[in-house]
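Working notes, beginning with the structure itself.
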Amino acid sequence: MDERFEAAARVRRPAPLLGLLVLLLAVSVSCALGPSLVGGPQRGEPTPTKTLWPTFTPIGGVALAAGGSGPLGPQPPGVTVQAPGSEAAQAEATATVSGEEGGTNLVLVATETPLPTPTQILRTPFVIDEATPDVETNRPERVSGVREAPTPYVIVEADRVLGRRGPGTFFDRVGEAAKGDELMLMARTTDGEWWQVCCLANQPVWVPAELVSARGAAEELPAMTPAPSPTATRPPPPAPRPRPTNTPLPGPTPLPPFDIARGPEFPVQRDNGLLTIWARVYEGQEPYTRALPGYVLKVLRNDTEVSLPAQSSELEDSTGPQQGNYKYNLKFEMVGAAEADWQFYLATPDGRRVSPITKFTTLGDSYRNLVVYIAYLRVR
């Protein structure tokens, strides 16, 4: 403990406030102790007075810094700290006059303040759960005796193997297997050249034995006699159906180049059996019209053609005032027309129709429709 403390006396000028407090304390002590110290004044004699410096009691309880290096914090001027147990601490601490008048020293006895005891942190020990033993409760009992042989199978050795409906290359193909594929064995041929396996395209097929390698008890598989060639019993293939030909749809009927500009009209009533058809074939608008030559009238009586070879002229004529002064450049006449159904149209000399079809009748009340007028105008 003595080595941890070091006494040091330092002379400092006290601060004004501290000096005032010390002075008041000294005066109080002097007034209280003065008569007892000097024996008191004699009655009738003036008592000599002597001002004594106050005596101070060492103050304990000054805390030291950690490790005993000194008191905690700075000390005021004129205060000296002594370590407990030293000679200065055992002796009476007194205040002495320093080199300057009025200076004091205050001696304090420092005691060690124990550091607070650190709180102990209780830690719960980490307990590792013991592993639950792995006890199998559903393990099947070992079966004694000879175990059943695994299902035989084949491994495809070729790059590609075709599966067929029967043991032969003349049977239809069902599917194919690649190299390394495993297929279950089902049967074999008596000569051992073909294996029946499962499955390609979801059905059993036959594969050549030379293109696969068998695994397992393949010799215990049932042997099958190869079926006869399907070519002997297979019906001949049906004749190929003829490919349908694309029949071109009928295109739209082209409009004829002539429209009916006037008619049919029946300007004159006649009952002598003579049929007359006046026709005008032209182009342009009045007064700039032009007669068109080279056209004929196709006439049918009760669906029988009764046409004449006469063609239209490039010159126009008139029917005269009694027949209405109609212009025409093509005329058809037939004796003994009588009662019938009629059709006629404008056509080229080779028979190509170039105008709409006109129909009329000479039956019953229409018996007098023996004079007909029509005008064809070329518009296309």
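Each chain of the structure tokens is named A, B, ... in the order shown, its residues numbered from 1; ligands are numbered from 1 in display order.
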If we count only C-alpha atoms, what is near Gly324 in chain A at a cut-off of 9 Å, once residues fewer than 3 positions away on the same chain are taken out, given as a list in words?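 These residues fall inside the cut-off: Pro267, Val268, Ser318, Thr319, Gly320 and Pro321 of chain A.
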Could you give me, as a short mmCIF file (atom, residue, chain, number, x, y, z; two decimals) with C-alpha atoms, in the first residue's frame, the residues within 7 Å of Met184 in chain A, counting only C-alpha atoms and dropping anything in the same chain fewer than 6 positions from it?
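And here's out.cif as it stands now:
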```
data_model
loop_
_atom_site.label_atom_id
_atom_site.label_comp_id
_atom_site.auth_asym_id
_atom_site.auth_seq_id
_atom_site.Cartn_x
_atom_site.Cartn_y
_atom_site.Cartn_z
CA PRO A 152 -34.51 -60.82 -68.52
CA TYR A 153 -33.92 -57.87 -70.79
CA VAL A 154 -31.83 -56.80 -73.75
CA VAL A 197 -39.34 -57.27 -76.43
CA CYS A 198 -41.55 -54.66 -74.78
#
```
Tell me which protein, DNA and RNA residues are within 9 Å of Tyr367 in chain A, counting only C-alpha atoms, leaving out same-chain ones fewer than 6 positions away, and put them as a list in words. Gln269, Arg270, Asp271, Gly273, Ala338, Glu339, Ala340 and Thr361 of chain A
Choose the residue, out of A:Arg164, A:Arg290, A:Lys359, A:Lys298, that has the smallest atom-to-atom separation from Ala310 in chain A; count only C-alpha atoms.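 Among A:Arg164, A:Arg290, A:Lys359, A:Lys298, it is A:Lys298 that comes nearest to Ala310 in chain A.
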Sel. of strand (DSSP E) residues, range 192-353 of chain A, as number ranges by chain: A: 194-200, 203-208, 212-215, 223-224, 258-265, 274-285, 288-291, 296-301, 304-305, 317-318, 327-328, 330-335, 341-347
For Gln285 in chain A, work out the shell of residues within 12 Å, counting only C-alpha atoms and skipping chain neighbours fewer than 4 positions away, then give it as JSON, numbers by chain. {"A": [261, 289, 290, 291, 377, 378, 379]}
Choose the residue, out of A:Pro244, A:Gly284, A:Gly163, A:Pro293, that has the smallest atom-to-atom separation from Glu176 in chain A; count only C-alpha atoms.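 That would be A:Gly163, the residue with the smallest distance to Glu176 in chain A.
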Between CA of Val207 in chain A and CA of Trp194 in chain A, distance in Å (one decimal):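 Computing the Euclidean distance for CA of Val207 in chain A and CA of Trp194 in chain A yields 5.7 Å.
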Extract, using only C-alpha atoms, all DNA, RNA and protein residues at most 12 Å from Tyr345 in chain A, discarding same-chain residues fewer than 6 positions from it, and format them as a PyMOL selection string. chain A and resi 256+258-260+264+277+279+281+295-300+305+307+332+351-360+374-376
For the residues in that selection, give me C-alpha atoms as a PDB file, in the first residue's frame.
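Result written to result30.pdb:
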```pdb
ATOM      1  CA  PRO A 256     -71.729  -8.573-123.617  1.00  0.00           C
ATOM      2  CA  PHE A 258     -73.993  -4.469-126.476  1.00  0.00           C
ATOM      3  CA  ASP A 259     -76.872  -3.330-124.304  1.00  0.00           C
ATOM      4  CA  ILE A 260     -80.494  -2.997-125.401  1.00  0.00           C
ATOM      5  CA  PRO A 264     -88.500  -4.892-127.701  1.00  0.00           C
ATOM      6  CA  ILE A 277     -87.702  -8.301-136.606  1.00  0.00           C
ATOM      7  CA  ALA A 279     -82.805  -4.356-135.376  1.00  0.00           C
ATOM      8  CA  VAL A 281     -76.852  -2.044-134.341  1.00  0.00           C
ATOM      9  CA  TYR A 295     -73.486  -8.781-136.855  1.00  0.00           C
ATOM     10  CA  VAL A 296     -76.315 -11.345-137.202  1.00  0.00           C
ATOM     11  CA  LEU A 297     -79.519 -12.182-135.308  1.00  0.00           C
ATOM     12  CA  LYS A 298     -79.755 -15.593-133.706  1.00  0.00           C
ATOM     13  CA  VAL A 299     -83.477 -16.556-133.629  1.00  0.00           C
ATOM     14  CA  LEU A 300     -84.996 -19.629-131.945  1.00  0.00           C
ATOM     15  CA  GLU A 305     -82.891 -22.186-134.347  1.00  0.00           C
ATOM     16  CA  SER A 307     -81.662 -17.873-137.969  1.00  0.00           C
ATOM     17  CA  PHE A 332     -85.067 -10.872-140.050  1.00  0.00           C
ATOM     18  CA  GLY A 351     -72.238 -17.585-133.214  1.00  0.00           C
ATOM     19  CA  ARG A 352     -70.741 -15.742-130.175  1.00  0.00           C
ATOM     20  CA  ARG A 353     -73.464 -13.880-128.336  1.00  0.00           C
ATOM     21  CA  VAL A 354     -72.787 -10.160-127.836  1.00  0.00           C
ATOM     22  CA  SER A 355     -76.109  -8.935-126.382  1.00  0.00           C
ATOM     23  CA  PRO A 356     -78.737  -9.929-123.806  1.00  0.00           C
ATOM     24  CA  ILE A 357     -81.375 -12.522-124.802  1.00  0.00           C
ATOM     25  CA  THR A 358     -84.845 -11.231-125.637  1.00  0.00           C
ATOM     26  CA  LYS A 359     -87.971 -13.437-125.288  1.00  0.00           C
ATOM     27  CA  PHE A 360     -91.521 -12.972-126.573  1.00  0.00           C
ATOM     28  CA  ILE A 374     -85.119  -3.612-131.023  1.00  0.00           C
ATOM     29  CA  ALA A 375     -82.002  -1.361-130.896  1.00  0.00           C
ATOM     30  CA  TYR A 376     -78.542  -2.592-129.761  1.00  0.00           C
TER      31      TYR A 376
END
```
For Asn302 in chain A, please output as a PDB file with C-alpha atoms, in the first residue's frame all residues within 9 Å (counting only C-alpha atoms; exclusion window: fewer than 6 positions along the same chain).
```pdb
ATOM      1  CA  ALA A 340     -94.787 -20.109-130.818  1.00  0.00           C
ATOM      2  CA  ASP A 341     -92.292 -19.079-128.122  1.00  0.00           C
ATOM      3  CA  TRP A 342     -89.426 -17.012-129.423  1.00  0.00           C
ATOM      4  CA  GLN A 343     -85.847 -16.077-128.351  1.00  0.00           C
TER       5      GLN A 343
END
```
Could you jot down the CA of Thr169 in chain A to CA of Glu193 in chain A separation for me, Å, one decimal place? 11.7 Å
Find the distance between CA of Asp181 in chain A and CA of Met224 in chain A and write it in Å to one decimal.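 Separating CA of Asp181 in chain A from CA of Met224 in chain A is a distance of 23.9 Å.
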Restricting the calculation to only C-alpha atoms: of A:Asn329, A:Asn272, A:Thr348, A:Thr362, which residue gets closest to Pro257 in chain A? A:Thr348
